[in-house]
Each structure stands twice: as C-alpha cells, then as structure tokens.
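Single-structure report; data block below.
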Amino acid sequence: MNRTLFIIIGAVLIVVLVAVWVYVLFFSNSPTSNTPEFADLDMGVNTDTVVIPEPTITTEPTVDVTGPEQIRQLTTKKVVGYQEVRFSTTSAPLAYYVESGTGHLYSIDLRSGAEKKISGTTIPNTRHAAITPNGAYVMLQSGSGRSAEFIVGQISTTSPSLTTGTIAEDISDFTAAADNTFLYAVQTNSGTIAKRYYPISDTSETLFTVPFREAIIDWGLAATDTHYVYPKANSQLEGYLYAVENGELRRLPASGYGLTAKGTDTGVLFTTLTSTNYQSYIHNVPSSTVSTAALFILPEKCVSSVQLTDLLICGGNLLSDTSRQSLDQWYKGVTTYEDGLWEIDTITGTASYLMDITSATGRNVDIHSLLTGYEDRYLYFINKADSSLWLFDRNPTN
Amino acid sequence: MRILTIALVLCFGFSAHFATAQFDQFTSSFTNTEVGIHLMPPLPQPGQSVTATLSDYRSGSVGSSIEWSLNGEVLETSQNQREITFTAGADGQSQLLEVLATNNTGATELFQKVITPHYLDIIIEPQTRVPDFYHGRSLPSIGSLVNATALVSGEYLNAPDLVYTWRVGQEVIEGGPVSGRNKVTFTTPRGKNFTLSLQVAKRDGTIIANRSLAVPSVAPELVFYEVNTLHGMSKVAINNSLALIGNSVAVRAEPYYLDSRIYNNPMVAQWKVAGVTTETANNPYEATIERTGASGSRTSLQFHVRDTKQVLQGAQGTIQVSF
C-alpha cells in the first residue's frame, strides 16, 4: 500500500514539475529589449535605471593649448621645420610642423589643441623643412652633405600624402617666403647663388649672387625685401656685413671677428668680438649710424616682428657667456644657452624683457629658429637641446 | 786711396737706397721726403681714424703758420699743428683735406689731398672639415688649403680689371700682381698664424686699397656626437662621457678643421674600445658600441685620424662610456 502511494505521489510531482517547466519555457512573457535577462528573476518591479555608457574612442591626440600659461611646449617629437597656417583671418590658427627623420607633417589646432597628421608620406632622413604660410607646399631636405636631396611636396587637403618633386641642386639653405614661394641658396665653386622657387610652376629664378661660398643669408620675408649676407662666423676670422637690395651687394659699416647679424627694414642687430668678449650693436639703416645694443644677443636667436618693422624678438640672457670661444662652442653643441625672451628696438637700441622661461616652466631652453605668427600673437621657436617646438602666447586669455 | 774714397762714396750712396727698400712698401711715410700731406694709414677704410702729417721741412717753411681744413671747414683746434687726426668718411665718399701754410714773408702755399675710402674685405674660406649642421666657418690647419676672396666696396665691387698683389708672409702668390685675380688658393704655412696681405690697384698703377691681416692656424680637434638611426647625428656634443642607456649606441667622431683631403681619404682612422682596436662598418668616423658586461661598468672609446704622407696632420680624442 505505502509503496504504491509513494510511487503515485512521486509520479504526480514529476508531472507537475514538467508541466511548470513547459509552461515557463513556452508560454511565459518574453523579456523586453531593455531588460537584462540575467538580472530579472521576475521577483518584483525593478525601478533602477541602468545605463551602459558608450566607450569614448579618441582618434586624435590633443595638445594643451588652453589655460592661462603664456609659454608651452607643443611637441615632444623632434621638429625640423614648422609654420603657422591660417586659412582665413577668423579661422583657428594651425601650427604645422615636420617631424625629424620621417618627414611626416602634423598640424595642431591652437584653439582646441587637436593634433592631426596631415601627411604620412615618409621622406627618410628628413633633416630640415620649410612650409609655405598658406599650408599648401613643404620643402624638405632628406639626408645631409653631398648626398642630400631636396623635395618639394604639395600638401593635399583630401588625402594624407604628399605629391612630391625634387630640386636637383646643391642647396645649402632654404626658407619659405611670405608669398608662398621658397628662397634657397646654392653653393657653386666660386660663390653662392640665391634663388626663388615657384612650387606652382616648378620653376626657379636667380635673385642675386654672393662672391663667396661660406655665406649666411639672413632672408627677408619676401624675395624683394632686403636680405643681409655675411661670411659664416668664427671667433678667429673676420666677418663683414652686406645688404642685398635689388640684386646688388652693398657693404654696411659692420665688421669684426665672429660677426653674426639679423636685420629688419630699419636696422640690423649684429654681434662681434671686442678685445675680450662678444658685444652686440645696432646699425641704424636710415641714419647709417652704429650704436651699442642694450645687451648681448645672438642674432641667430632673433626674428623680425610682423607688425612693427623695427622690432626684433629674441632669445637671450643677461648672464649669457660672452667669452671669446662661446659662439664657436655653441655652434659645435658643446655649450647651450638658457634663454628668456626679449624685444629689441633696432631704432633706439633698447631692450624689453618679455619672459623668464626658466622660472615659468622650470626648464632651460636654448632658443633658435624663431617665427612670429599672425599679428605677432604667437611666437614659435625650437629648443636646440631636444628639437621640440614651443609656443609663446602674448595674449593667452583671449 | 782715391779709388778707395770713390768706392766708399758709391757704397754709401747706394746703401741708402737699399736701406729704404727694406721698409714695408705699404708704409713708407718715414722715408718719403716728398713735400705734402702724408696719411697714416695711407689708404684708410671708411670710418677709420687717420693721422695726417704735413711733410714740409724746407728751410723757407720754418715758422710758417698752418691751417687745416676738411671739406672746406677749418679745423680750429689744429692751428699750427703739423699733424692732425680725423675720421675717414663713409664708403666711397670723398673728403678734401687741405693745408694752408703761410710763411714769414706772407707767402702762402696750399697742399691738398683727396681721400676716398673703400672697404677691402678679405674673406678666408679654409678647406677643412666641419659637420654639415655647423653654422660657423672652419679654420685653417697647417698644410691645409685656404681660399681667399677679396671684395673692394663701392664702384670697384665687380670691377674686372683691378690688379691684385697677394702675399702670404713675404711670399708673393702666383709670382706677382695679377689682373682680375680677386680669388686665390694657397697652402697654410707652418706656425700658429700667418700674415695675408693684399694690394689692389688700377691698371694705371694707382693703388686704391691695401690690407694685411693675421690668419690663425689651428690643430684639428675631435668632437663626439651620438647618432640616431631616425634623427641622424645629434647637434649636442658628448662632453667627455656618455651613458649607454640601451643595448647599443652609435657614436660619430667629427674632426673639426682637419684638411678636407685627409677627411675624405684618411691614412689612419682607428677606433679603440678599452684600448683594443675595433673595426667599423662603412663610415670610418662612426662606431657602434654594444653593451657586453654588467651594468655599472665604464670603458674608454678612442678615435684617431691622421695623414702620414702628404699633409701630416691628425686628431685624437677619447670619451668615457658608462653602462
């Protein structure tokens, strides 16, 4: 009796369980799309709002360009050439730069900080570059010495590659001009020839000739501006300063051992050795007079102001080494400078201090390759110690 | 006795001429007995300080009053002075220097001199080695070739028919004055420096500029730089010691001021690591060193370059590598 009863009860239970399982599997309500199945045991109403955030995928790195700091490092990459590019007076200024070694071209939006790769075309062993102000063309030096090649690339707005051509000449120096052409110097057996290259038509024209090879050309902003020429500097050799106007060389009353120079429309800052150390002078062009500058400045550390034609913006330091060997040692990379920023008036010879970079950043910066941007708002330079690109903002709160 | 006397007179007469010939022909005011105004320097450059001397020692000029004027303006402070100092004018701008001498009898004599200063620039371009990134000029070293270019300013800048007389020390280059030869090449002589002189004249012999300058001669020196396969040679020199961070590093030795002919084809170009000679790959001036021992070690890296046949110059240097 008991066994039969247990079997009957057991069978009934099994039937009931199977019936419940079948009911749940086939006849219960489907969960809504927003209801997570694993969490819904249908034990009550779940009023929690579950939000799964979309992951943020960053495709472009950003550079910190906002904030009140006046001075900031724009790149950690080594830079061999750069330019400020504006496509209109109201558009955001872009800092275009070329990376050392690869020749890749990048832009940094100076309002948002977004950095973008403009060109991924690799130019091996890129050592120097110049970009036209309209951002349309770039000239690059691949390699160095006699094996160097010079490439001109058209920057595309639709694809990350350059359309390239070459200039088959023995170029010793080049720069971009304000009219979006390139100015360059070619060494010959008897001297140096200065030329202008038109990237649109792929043609060149001779601007002037210099009767010696070891020439430094301080280029004007445009091909028709006054350029200044002097023999490369050495503390033990005498140098002489010439102005080139309308293709003609004219000797200026500036000469001396270790001479270097940087000119504007109205004056020339030049530095030479006295009997014991280096001293800077101003040659006033209209009056043809020479006066002593307020402090020692290496002209290579200067750039002309865009807005004020008699103003130079320079890297310098009141405590800089001005000894006899200092310039040669700097050229060799044996010594470095720790620069602040100065403005030099080439009419009056006075100097104004803009910024103590070391105090502001905690870094020692050896300034060279300066460039001023639109309306002198931004000043750019390269730190010689690590070839990084830096920015000085005159109006950081704007 | 008579013959001896005649011989002695002849000897003294000619010796005076030989004696004056020993003096530098560029500065002959001491022996110039011509009456007139003599300048020192005789051909001043623009803006240069000039000393003008009235050379008139005739007996009739004793006690004369002297009045100097420059470009028609009387120089009040130089009254009755036989010597004055003034500043030469700008490049190519002529100045008229006049002296009015009035003797005791009231007779006057006017002396005039026109000074037209020009720059004479001599650009020294040694054919010695410096790296491509080096913004400065190289220096001559003993036995190296030097190119020199002369530029006379103003109207003579591109004049093709000027006559140039170049001297290295006392030796005249190319045997004598040469027309149109404003560029020359010569070999750096022995010594720590040498004098390069140049006289520029017109075809009619009128000297328009002359100049002498001391040119240094230095020993080649080595500077070491790290080389990166992507970025190339660093522009920051290795100052005596290098810390090897990774497993290997490439080092370039740059022999500043080494004669270019030796640099391109050295007789000796040798690297030594810890005193042991090491072979290099393609570039004799570049060596790659690899970490082999445990960290905390230090070794020397030495480079030696030299020519032993022709120019006989070289350089040697050592840095310490720690890893």
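Residue numbering restarts at 1 in every chain; chains get A, B, ... in the order shown in the structure tokens, and ligands count up from 1 in that same order.
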
**OP:** Give as a VMD selection string every residue of chain A that touches chain B within 9 Å, counting only C-alpha atoms.
**Re:** chain A and resid 78 100 to 102 124 to 127 143 to 145 190 211 to 214 216 231 to 234 236 to 240 249 to 253 258 327 to 328 331 to 336 384 to 386

Subject >> Test item: residues at most 9 Å from region 165-169 of chain A, only C-alpha atoms, excluding those fewer than 3 positions along its chain, as JSON, numbers by chain >> reply: {"A": [149, 150, 151, 152, 153, 154, 186, 187, 202]}

Subject >> Which of region 100-288 of chain A fall in strand (DSSP E), as an NGL selection string >> reply: :A and (105-109 or 115-119 or 126-131 or 137-142 or 149-155 or 162-166 or 171-176 or 182-187 or 192-198 or 203-210 or 215-218 or 227-231 or 238-245 or 248-257 or 260-263 or 267-273 or 278-284)

Atoms kept (C-alpha atoms) for selection, written as a compact mmCIF listing (two decimals), in the first residue's frame:
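Once written, part_31.txt looks like this:
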# COMPACT_ATOMS: atom_id res chain seq x y z
CA LEU A 105 53.58 66.55 -41.40
CA TYR A 106 51.29 67.37 -38.47
CA SER A 107 49.01 70.22 -37.52
CA ILE A 108 47.97 71.46 -34.10
CA ASP A 109 44.79 73.48 -33.77
CA GLU A 115 46.71 67.36 -33.37
CA LYS A 116 46.29 65.75 -36.75
CA LYS A 117 48.62 64.03 -39.15
CA ILE A 118 48.41 65.96 -42.43
CA SER A 119 50.85 63.83 -44.37
CA THR A 126 64.44 64.40 -43.02
CA ARG A 127 66.83 66.96 -41.58
CA HIS A 128 65.27 70.33 -42.43
CA ALA A 129 61.92 71.59 -43.72
CA ALA A 130 60.07 74.76 -44.64
CA ILE A 131 56.31 75.18 -45.10
CA TYR A 137 53.63 73.34 -50.00
CA VAL A 138 56.50 71.95 -47.99
CA MET A 139 60.17 71.73 -48.88
CA LEU A 140 62.21 69.02 -47.19
CA GLN A 141 65.87 68.07 -47.01
CA SER A 142 66.50 64.35 -46.98
CA GLU A 149 68.15 65.52 -51.65
CA PHE A 150 65.64 68.34 -51.73
CA ILE A 151 61.99 67.52 -52.17
CA VAL A 152 59.05 69.86 -52.65
CA GLY A 153 55.70 68.41 -51.70
CA GLN A 154 52.19 69.64 -52.37
CA ILE A 155 50.07 69.19 -49.27
CA LEU A 162 52.31 64.46 -50.48
CA THR A 163 52.67 64.91 -54.19
CA THR A 164 56.41 65.33 -54.49
CA GLY A 165 59.04 66.58 -56.88
CA THR A 166 62.72 67.29 -56.45
CA ILE A 171 71.24 73.65 -51.82
CA SER A 172 72.91 74.94 -48.68
CA ASP A 173 69.95 76.77 -47.13
CA PHE A 174 66.26 77.33 -47.80
CA THR A 175 63.23 79.03 -46.31
CA ALA A 176 59.60 79.76 -47.16
CA PHE A 182 60.73 79.19 -51.48
CA LEU A 183 64.01 81.08 -51.22
CA TYR A 184 67.14 78.98 -51.35
CA ALA A 185 70.91 79.25 -51.70
CA VAL A 186 73.09 77.14 -53.97
CA GLN A 187 76.83 76.80 -53.48
CA THR A 192 76.69 81.35 -53.63
CA ILE A 193 73.60 81.92 -55.75
CA ALA A 194 70.32 82.93 -54.13
CA LYS A 195 67.22 81.76 -55.96
CA ARG A 196 63.46 81.72 -55.70
CA TYR A 197 61.45 78.60 -56.44
CA TYR A 198 57.82 78.75 -57.57
CA THR A 203 60.43 76.97 -61.91
CA SER A 204 63.28 78.93 -60.36
CA GLU A 205 64.84 82.31 -60.89
CA THR A 206 68.10 83.81 -59.68
CA LEU A 207 67.78 86.65 -57.18
CA PHE A 208 71.42 87.58 -56.55
CA THR A 209 74.91 86.15 -56.29
CA VAL A 210 77.41 86.28 -53.46
CA ALA A 215 77.82 82.69 -46.76
CA ILE A 216 74.99 83.07 -44.30
CA ILE A 217 71.93 84.73 -45.82
CA ASP A 218 69.54 86.45 -43.44
CA HIS A 227 68.46 90.44 -47.43
CA TYR A 228 71.64 90.51 -45.36
CA VAL A 229 74.71 88.43 -46.13
CA TYR A 230 77.87 87.75 -44.16
CA PRO A 231 80.57 85.08 -44.10
CA GLU A 238 86.90 88.48 -39.62
CA GLY A 239 83.39 88.87 -40.98
CA TYR A 240 81.76 91.62 -43.00
CA LEU A 241 78.11 92.55 -43.39
CA TYR A 242 76.43 93.23 -46.72
CA ALA A 243 72.91 94.27 -47.63
CA VAL A 244 71.39 92.93 -50.83
CA GLU A 245 68.89 95.26 -52.47
CA GLU A 248 73.13 94.30 -55.66
CA LEU A 249 75.54 93.83 -52.75
CA ARG A 250 76.30 96.86 -50.61
CA ARG A 251 78.81 96.84 -47.79
CA LEU A 252 77.48 98.07 -44.45
CA PRO A 253 79.63 99.65 -41.69
CA ALA A 254 79.63 96.45 -39.67
CA SER A 255 82.57 94.09 -39.47
CA GLY A 256 84.61 92.23 -36.93
CA TYR A 257 85.65 88.85 -35.64
CA THR A 260 76.66 87.46 -36.98
CA ALA A 261 73.66 89.61 -37.88
CA LYS A 262 69.89 89.84 -38.09
CA GLY A 263 68.16 92.66 -39.93
CA GLY A 267 68.06 98.33 -38.56
CA VAL A 268 70.47 95.48 -38.20
CA LEU A 269 71.43 93.79 -34.95
CA PHE A 270 74.95 92.45 -35.23
CA THR A 271 77.38 90.90 -32.79
CA THR A 272 81.15 90.86 -32.96
CA LEU A 273 84.09 90.27 -30.67
CA TYR A 278 81.22 89.47 -27.64
CA GLN A 279 79.23 92.67 -27.89
CA SER A 280 76.00 93.42 -29.74
CA TYR A 281 75.42 96.54 -31.82
CA ILE A 282 72.61 98.14 -33.78
CA HIS A 283 73.22 99.57 -37.24
CA ASN A 284 70.52 102.12 -37.94

**OP:** Give the alpha helix (DSSP H) residues of region 23-226 of chain A, as DSSP finds them on the backbone, and put them as a PyMOL selection string.
**Re:** chain A and resi 23-27

Subject >> Spatial neighbours of Ser112 (chain A), 12 Å, only C-alpha atoms, chain gap at least 6 places, as a list of chain:residue names >> reply: A:Glu60, A:Pro61, A:Thr62, A:Val63, A:Asp64, A:Val65, A:Thr66, A:Gly67, A:Ser91, A:Ala92, A:Pro93, A:Leu94, A:Ala95

Write the selection just made, keeping C-alpha atoms, as a compact mmCIF listing (two decimals), in the first residue's frame?
# COMPACT_ATOMS: atom_id res chain seq x y z
CA GLU A 60 43.34 62.48 -32.38
CA PRO A 61 45.77 63.40 -29.61
CA THR A 62 45.37 66.84 -28.13
CA VAL A 63 47.91 69.39 -27.06
CA ASP A 64 47.21 71.52 -24.05
CA VAL A 65 46.80 74.96 -25.63
CA THR A 66 44.11 76.31 -23.32
CA GLY A 67 44.75 77.84 -19.97
CA SER A 91 39.73 80.57 -38.61
CA ALA A 92 41.73 78.89 -35.89
CA PRO A 93 45.47 79.21 -36.32
CA LEU A 94 47.20 75.93 -37.02
CA ALA A 95 50.78 75.09 -36.17

**OP:** Within 12 Å of region 48-55 of chain B, counting only C-alpha atoms, which residues show up once you throw out same-chain ones fewer than 3 positions away? Write them as an MDAnalysis selection string, please.
**Re:** (chainID A and resid 253) or (chainID B and resid 29:45 58 61:62 64:70 78 80:91 97:101 109:119)

Original post:
Within 7 Å of Ile71 (chain A), counting only C-alpha atoms, which residues qualify if same-chain residues fewer than 6 places away don't, as a PyMOL selection string?
Top reply: chain A and resi 391-393

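Distances here use only C-alpha atoms; by that measure, the residue among A:Asp345, A:Glu300, A:Glu375, A:Asp310 closest to Trp330 (chain A) is A:Glu300.
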
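What separates CA of Ala223 (chain A) from CA of Ile344 (chain A) is a distance of 24.2 Å.
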
Original post:
Which residues come within 12 Å of Leu145 (chain B), counting only C-alpha atoms, excluding same-chain residues fewer than 2 positions away, as a PyMOL selection string?
Top reply: chain B and resi 124-129+138-143+147-148+184-189+217+257-262+311

Keeping only N, CA and C atoms, write the selected residues as a PDB file, in the first residue's frame.
ATOM      1  N   ILE B 124      88.223  84.693 -45.754  1.00  0.00           N
ATOM      2  CA  ILE B 124      89.042  83.486 -45.645  1.00  0.00           C
ATOM      3  C   ILE B 124      88.116  82.268 -45.608  1.00  0.00           C
ATOM      4  N   GLU B 125      88.322  81.337 -46.512  1.00  0.00           N
ATOM      5  CA  GLU B 125      87.496  80.111 -46.568  1.00  0.00           C
ATOM      6  C   GLU B 125      88.421  78.896 -46.559  1.00  0.00           C
ATOM      7  N   PRO B 126      88.731  78.386 -45.377  1.00  0.00           N
ATOM      8  CA  PRO B 126      89.616  77.215 -45.294  1.00  0.00           C
ATOM      9  C   PRO B 126      88.930  75.970 -45.832  1.00  0.00           C
ATOM     10  N   GLN B 127      89.687  75.136 -46.478  1.00  0.00           N
ATOM     11  CA  GLN B 127      89.143  73.867 -46.994  1.00  0.00           C
ATOM     12  C   GLN B 127      89.393  72.769 -45.972  1.00  0.00           C
ATOM     13  N   THR B 128      88.799  72.956 -44.821  1.00  0.00           N
ATOM     14  CA  THR B 128      88.936  71.987 -43.735  1.00  0.00           C
ATOM     15  C   THR B 128      87.556  71.556 -43.281  1.00  0.00           C
ATOM     16  N   ARG B 129      87.497  70.472 -42.555  1.00  0.00           N
ATOM     17  CA  ARG B 129      86.250  69.787 -42.233  1.00  0.00           C
ATOM     18  C   ARG B 129      85.498  70.450 -41.076  1.00  0.00           C
ATOM     19  N   SER B 138      84.971  77.171 -40.837  1.00  0.00           N
ATOM     20  CA  SER B 138      86.085  76.362 -40.367  1.00  0.00           C
ATOM     21  C   SER B 138      87.338  77.224 -40.266  1.00  0.00           C
ATOM     22  N   LEU B 139      88.391  76.656 -39.719  1.00  0.00           N
ATOM     23  CA  LEU B 139      89.662  77.351 -39.544  1.00  0.00           C
ATOM     24  C   LEU B 139      90.749  76.619 -40.317  1.00  0.00           C
ATOM     25  N   PRO B 140      91.798  77.347 -40.702  1.00  0.00           N
ATOM     26  CA  PRO B 140      92.906  76.661 -41.397  1.00  0.00           C
ATOM     27  C   PRO B 140      93.711  75.828 -40.412  1.00  0.00           C
ATOM     28  N   SER B 141      94.276  74.747 -40.909  1.00  0.00           N
ATOM     29  CA  SER B 141      95.242  73.972 -40.143  1.00  0.00           C
ATOM     30  C   SER B 141      96.479  73.813 -41.016  1.00  0.00           C
ATOM     31  N   ILE B 142      97.600  73.538 -40.385  1.00  0.00           N
ATOM     32  CA  ILE B 142      98.877  73.533 -41.104  1.00  0.00           C
ATOM     33  C   ILE B 142      98.818  72.573 -42.290  1.00  0.00           C
ATOM     34  N   GLY B 143      99.176  73.096 -43.449  1.00  0.00           N
ATOM     35  CA  GLY B 143      99.182  72.269 -44.652  1.00  0.00           C
ATOM     36  C   GLY B 143      97.868  72.228 -45.391  1.00  0.00           C
ATOM     37  N   ASN B 147      91.050  79.159 -49.406  1.00  0.00           N
ATOM     38  CA  ASN B 147      90.606  80.062 -50.462  1.00  0.00           C
ATOM     39  C   ASN B 147      90.407  81.443 -49.863  1.00  0.00           C
ATOM     40  N   ALA B 148      90.903  82.456 -50.543  1.00  0.00           N
ATOM     41  CA  ALA B 148      90.709  83.831 -50.082  1.00  0.00           C
ATOM     42  C   ALA B 148      90.055  84.625 -51.204  1.00  0.00           C
ATOM     43  N   VAL B 184      92.185  83.643 -54.639  1.00  0.00           N
ATOM     44  CA  VAL B 184      93.407  82.837 -54.705  1.00  0.00           C
ATOM     45  C   VAL B 184      93.263  81.648 -53.767  1.00  0.00           C
ATOM     46  N   THR B 185      94.099  80.645 -54.009  1.00  0.00           N
ATOM     47  CA  THR B 185      94.175  79.486 -53.128  1.00  0.00           C
ATOM     48  C   THR B 185      95.633  79.281 -52.749  1.00  0.00           C
ATOM     49  N   PHE B 186      95.856  79.028 -51.477  1.00  0.00           N
ATOM     50  CA  PHE B 186      97.232  78.816 -51.036  1.00  0.00           C
ATOM     51  C   PHE B 186      97.236  77.790 -49.910  1.00  0.00           C
ATOM     52  N   THR B 187      98.428  77.333 -49.571  1.00  0.00           N
ATOM     53  CA  THR B 187      98.583  76.337 -48.510  1.00  0.00           C
ATOM     54  C   THR B 187      98.960  77.036 -47.213  1.00  0.00           C
ATOM     55  N   THR B 188      98.306  76.624 -46.138  1.00  0.00           N
ATOM     56  CA  THR B 188      98.596  77.217 -44.829  1.00  0.00           C
ATOM     57  C   THR B 188     100.018  76.884 -44.424  1.00  0.00           C
ATOM     58  N   PRO B 189     100.827  77.902 -44.143  1.00  0.00           N
ATOM     59  CA  PRO B 189     102.220  77.608 -43.768  1.00  0.00           C
ATOM     60  C   PRO B 189     102.301  77.169 -42.311  1.00  0.00           C
ATOM     61  N   SER B 217      96.178  79.576 -37.514  1.00  0.00           N
ATOM     62  CA  SER B 217      96.315  78.197 -37.969  1.00  0.00           C
ATOM     63  C   SER B 217      96.187  77.324 -36.727  1.00  0.00           C
ATOM     64  N   TYR B 257      88.326  71.027 -38.398  1.00  0.00           N
ATOM     65  CA  TYR B 257      89.476  71.708 -39.003  1.00  0.00           C
ATOM     66  C   TYR B 257      90.495  70.735 -39.601  1.00  0.00           C
ATOM     67  N   LEU B 258      90.126  69.483 -39.766  1.00  0.00           N
ATOM     68  CA  LEU B 258      91.005  68.549 -40.464  1.00  0.00           C
ATOM     69  C   LEU B 258      90.953  68.852 -41.955  1.00  0.00           C
ATOM     70  N   ASP B 259      92.074  68.836 -42.610  1.00  0.00           N
ATOM     71  CA  ASP B 259      92.109  69.103 -44.046  1.00  0.00           C
ATOM     72  C   ASP B 259      91.100  68.200 -44.759  1.00  0.00           C
ATOM     73  N   SER B 260      90.331  68.769 -45.655  1.00  0.00           N
ATOM     74  CA  SER B 260      89.258  68.024 -46.321  1.00  0.00           C
ATOM     75  C   SER B 260      89.797  66.842 -47.113  1.00  0.00           C
ATOM     76  N   ARG B 261      90.986  66.970 -47.650  1.00  0.00           N
ATOM     77  CA  ARG B 261      91.552  65.860 -48.427  1.00  0.00           C
ATOM     78  C   ARG B 261      91.847  64.672 -47.510  1.00  0.00           C
ATOM     79  N   ILE B 262      92.308  64.964 -46.313  1.00  0.00           N
ATOM     80  CA  ILE B 262      92.571  63.887 -45.362  1.00  0.00           C
ATOM     81  C   ILE B 262      91.260  63.286 -44.888  1.00  0.00           C
ATOM     82  N   VAL B 311      99.920  65.733 -45.927  1.00  0.00           N
ATOM     83  CA  VAL B 311      99.617  66.928 -45.159  1.00  0.00           C
ATOM     84  C   VAL B 311     100.135  66.818 -43.720  1.00  0.00           C
TER      85      VAL B 311
END

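One distance worth recording is that between CA of Val80 (chain A) and CA of Leu371 (chain A), which is 13.1 Å.
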